[in-house]
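Here is the structure we will look at.
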Amino acid sequence: MGDDEVLFTDQDVAAVRLMAGLTEAGVLEPEVREAVARAVAQSMSRLAEWQVGMLRRLLEGHGDELTPVESLQVAAAVIPALEQLQSYVWRRHLAATVHRMMAPAAGAGGDTWPLVVGFADMVGFTRTTRRRSPEELSEMIERFGSSTTEVIADGRGRIVKTVGDEVLFVADDAPAAAGIALALQERVRAEDVLPQLRIGLAAGDVLTRYGDVYGEVVNIASRLTTHARPDTVLVDDVVAAALADDDRFRVRALRPVSVRGYRSLHPWLLERP
């Protein structure tokens with residue numbers, strides 16, 4: 001951009017000063033400041049796109065009835081409510097996260113936590129998108145998002161992120177994760193517009209950073225999901241051992257498989273008794 005172009009406001013300057021002040025106070029370490037800014041920006045960008053899309057659909061619902069000025073007036077009335085709501089939801093999640101971190105069985109050290117990581121992947125998503133209209137595809141994505149969110153929340157799990165046809169979630173223990181996986185399977189079977197799921201679970205110490213999860217446990221859960229047949233749930237040795245004496249579940253050993261990064265991965269099939 002040219003030196004004479006006006007791009008920023010006084011509020012932008014205030015935001016930079018605020019970030020600098022957090023660093024000077026020792027709240028935000030200099031080496032992670034840019035990463036924090038990226039994480040916040042990416043999350044807010046997705047939220048803003050969703051909100052503007054919602055506003056656009058609201059305005060389109062009125063056809064040509066609204067003038068441009070009236071459309072701006074509608075937006076001016078709705079946006080403050082959205083801002084208030086997202087601030088409230090953020091504070092609720094802040095409280096829930098603090099509660100988890102203060103629990104007796106909290107992290108193994110620093111940002112490392114014992115968790116069960118799960119992936120749920122829609123089978124044949126690319127093929128399905130070619131056969132469906134934009135309206136049908138929109139309904140399928142909306143139904144997938146609402147169904148997985150409800151089931152995972154009911155099972156005391158947490159969604160890390162949704163990427164297209166796949167949802168990544170975590171739970172604090174193996175029974176909770178197993179219950180979520182089987183409930184997802186059953187919920188999707190009842191949804192005519194949704195294709196079958198492949199689900200993989202793995203447990204162990206997981207690095208949590210900027211709202212995402214990293215480490216070997218995440219990789220194993222991903223590999224198990226890729227290897228799973230449609231409408232099945234595969235788990236690793238750790239999850240299988242934790243469920244061995246639990247009457248609510250049945251695990252059955254399958255033959256070791258060779259997948260990318262693991263020459264001999266031992267999957268277990270998870271089912272209802």
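Ordering of the structure tokens sets the chain letters (A, B, ...); residue numbers start at 1 within each chain; ligands are numbered from 1 in the order shown.
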
Closest contacts (stretch 176-223 of chain A/stretch 39-57 of chain A, max 10 Å, only C-alpha atoms) as a Markdown table:
```
| residue | atom | partner | partner_atom | distance |
| --- | --- | --- | --- | --- |
| A:Arg209 | CA | A:Ala39 | CA | 9.7 |
| A:Tyr210 | CA | A:Ala39 | CA | 6.3 |
| A:Gly211 | CA | A:Ala39 | CA | 8.1 |
| A:Asp212 | CA | A:Ala39 | CA | 9.6 |
```

As an MDAnalysis selection string, please: every residue in stretch 6-40 of chain A that DSSP puts in helix (DSSP H, G or I). chainID A and resid 10:24 30:40

Using only C-alpha atoms, determine which residues lie at most 9 Å from A:Leu269, disregarding the query and same-chain residues fewer than 4 positions distant; provide the list as a ChimeraX atom specification. /A:228,232-235,240,250-254

Just-selected residues, N, CA, C and O atoms written as a compact mmCIF listing (two decimals), in the first residue's frame:
```
# COMPACT_ATOMS: atom_id res chain seq x y z
N ALA A 228 -11.13 -46.74 8.92
CA ALA A 228 -12.42 -47.31 9.32
C ALA A 228 -13.34 -47.52 8.12
O ALA A 228 -13.34 -46.73 7.18
N THR A 232 -18.60 -47.39 11.05
CA THR A 232 -17.89 -48.09 12.12
C THR A 232 -17.07 -47.09 12.94
O THR A 232 -16.78 -45.98 12.50
N VAL A 233 -16.71 -47.53 14.17
CA VAL A 233 -15.87 -46.75 15.07
C VAL A 233 -14.65 -47.58 15.41
O VAL A 233 -14.77 -48.71 15.90
N LEU A 234 -13.46 -47.04 15.16
CA LEU A 234 -12.21 -47.70 15.51
C LEU A 234 -11.54 -46.92 16.64
O LEU A 234 -11.56 -45.69 16.65
N VAL A 235 -10.92 -47.67 17.58
CA VAL A 235 -10.22 -47.03 18.70
C VAL A 235 -8.83 -47.63 18.82
O VAL A 235 -8.55 -48.71 18.30
N ALA A 240 -9.23 -48.88 24.05
CA ALA A 240 -9.74 -50.25 24.20
C ALA A 240 -9.49 -50.78 25.60
O ALA A 240 -10.38 -51.41 26.22
N ARG A 250 -18.46 -52.69 23.86
CA ARG A 250 -17.73 -53.91 23.48
C ARG A 250 -16.65 -53.53 22.48
O ARG A 250 -16.92 -52.81 21.51
N VAL A 251 -15.43 -54.00 22.74
CA VAL A 251 -14.33 -53.75 21.81
C VAL A 251 -13.80 -55.08 21.31
O VAL A 251 -13.69 -56.05 22.07
N ARG A 252 -13.48 -55.11 20.03
CA ARG A 252 -12.99 -56.34 19.40
C ARG A 252 -11.73 -56.03 18.61
O ARG A 252 -11.73 -55.11 17.78
N ALA A 253 -10.67 -56.77 18.88
CA ALA A 253 -9.39 -56.53 18.21
C ALA A 253 -9.47 -56.88 16.73
O ALA A 253 -10.02 -57.92 16.36
N LEU A 254 -8.90 -56.01 15.89
CA LEU A 254 -8.78 -56.28 14.47
C LEU A 254 -7.31 -56.49 14.12
O LEU A 254 -6.42 -56.24 14.93
```

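Atom CA of A:Asp154 to atom CA of A:Asp237 spans 25.3 Å [interatomic distance, one decimal].
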
May I have a table of the residues of stretch 157-243 of chain A lying at most 9 Å from stretch 119-127 of chain A, giving each one's closest pair of atoms and their distance in Å to one decimal, counting only C-alpha atoms, ordered by chain and ascending residue number, as a tab-separated table?
```
residue	atom	partner	partner_atom	distance
A:Gly164	CA	A:Phe125	CA	9.0
A:Asp165	CA	A:Met122	CA	5.4
A:Glu166	CA	A:Asp121	CA	4.4
A:Val167	CA	A:Ala120	CA	5.4
A:Leu168	CA	A:Phe119	CA	4.7
A:Phe169	CA	A:Phe119	CA	6.5
A:Val170	CA	A:Phe119	CA	8.8
A:Ala181	CA	A:Ala120	CA	7.9
A:Leu184	CA	A:Ala120	CA	8.3
A:Leu194	CA	A:Met122	CA	7.9
A:Pro195	CA	A:Met122	CA	6.0
A:Gln196	CA	A:Val123	CA	5.6
A:Leu197	CA	A:Met122	CA	4.7
A:Arg198	CA	A:Asp121	CA	5.1
A:Ile199	CA	A:Ala120	CA	4.4
A:Gly200	CA	A:Phe119	CA	5.4
A:Leu201	CA	A:Phe119	CA	6.8
A:Val218	CA	A:Phe119	CA	8.8
A:Ala221	CA	A:Phe119	CA	6.4
A:Ser222	CA	A:Phe119	CA	6.3
A:Leu224	CA	A:Phe119	CA	8.7
A:Thr225	CA	A:Phe119	CA	6.4
A:Thr226	CA	A:Asp121	CA	8.3
A:Arg229	CA	A:Val123	CA	8.9
A:Pro230	CA	A:Val123	CA	6.4
A:Asp231	CA	A:Val123	CA	8.5
A:Val233	CA	A:Ala120	CA	9.0
```

Could those selected residues go to a file with C-alpha atoms, as a compact mmCIF listing (two decimals), in the first residue's frame?
```txt
# COMPACT_ATOMS: atom_id res chain seq x y z
CA GLY A 164 -15.88 -29.43 5.65
CA ASP A 165 -16.97 -33.06 6.01
CA GLU A 166 -15.09 -33.79 9.23
CA VAL A 167 -15.41 -32.81 12.88
CA LEU A 168 -12.54 -33.01 15.39
CA PHE A 169 -13.59 -33.32 19.03
CA VAL A 170 -12.07 -34.16 22.43
CA ALA A 181 -18.81 -41.81 19.00
CA LEU A 184 -22.95 -39.81 16.60
CA LEU A 194 -26.54 -37.37 5.96
CA PRO A 195 -24.11 -40.00 4.64
CA GLN A 196 -22.60 -42.59 7.00
CA LEU A 197 -19.71 -41.72 9.29
CA ARG A 198 -16.24 -43.10 9.87
CA ILE A 199 -15.03 -42.42 13.43
CA GLY A 200 -11.64 -42.89 15.09
CA LEU A 201 -10.65 -42.43 18.75
CA VAL A 218 -4.25 -36.68 17.09
CA ALA A 221 -7.11 -40.85 15.68
CA SER A 222 -6.91 -39.43 12.15
CA LEU A 224 -7.94 -44.80 12.45
CA THR A 225 -10.70 -42.68 10.93
CA THR A 226 -9.21 -43.01 7.46
CA ARG A 229 -15.14 -48.80 7.18
CA PRO A 230 -18.34 -46.79 6.70
CA ASP A 231 -20.59 -46.74 9.78
CA VAL A 233 -15.87 -46.75 15.07
```

In terms of the shortest atom-to-atom distance over only C-alpha atoms, which of A:Ala176, A:Ala76, A:Ala95, A:Met1 is closest to A:Ile152? A:Ala176

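Interatomic distance, atom CA of A:Ala178 against atom CA of A:Val239: 8.4 Å.
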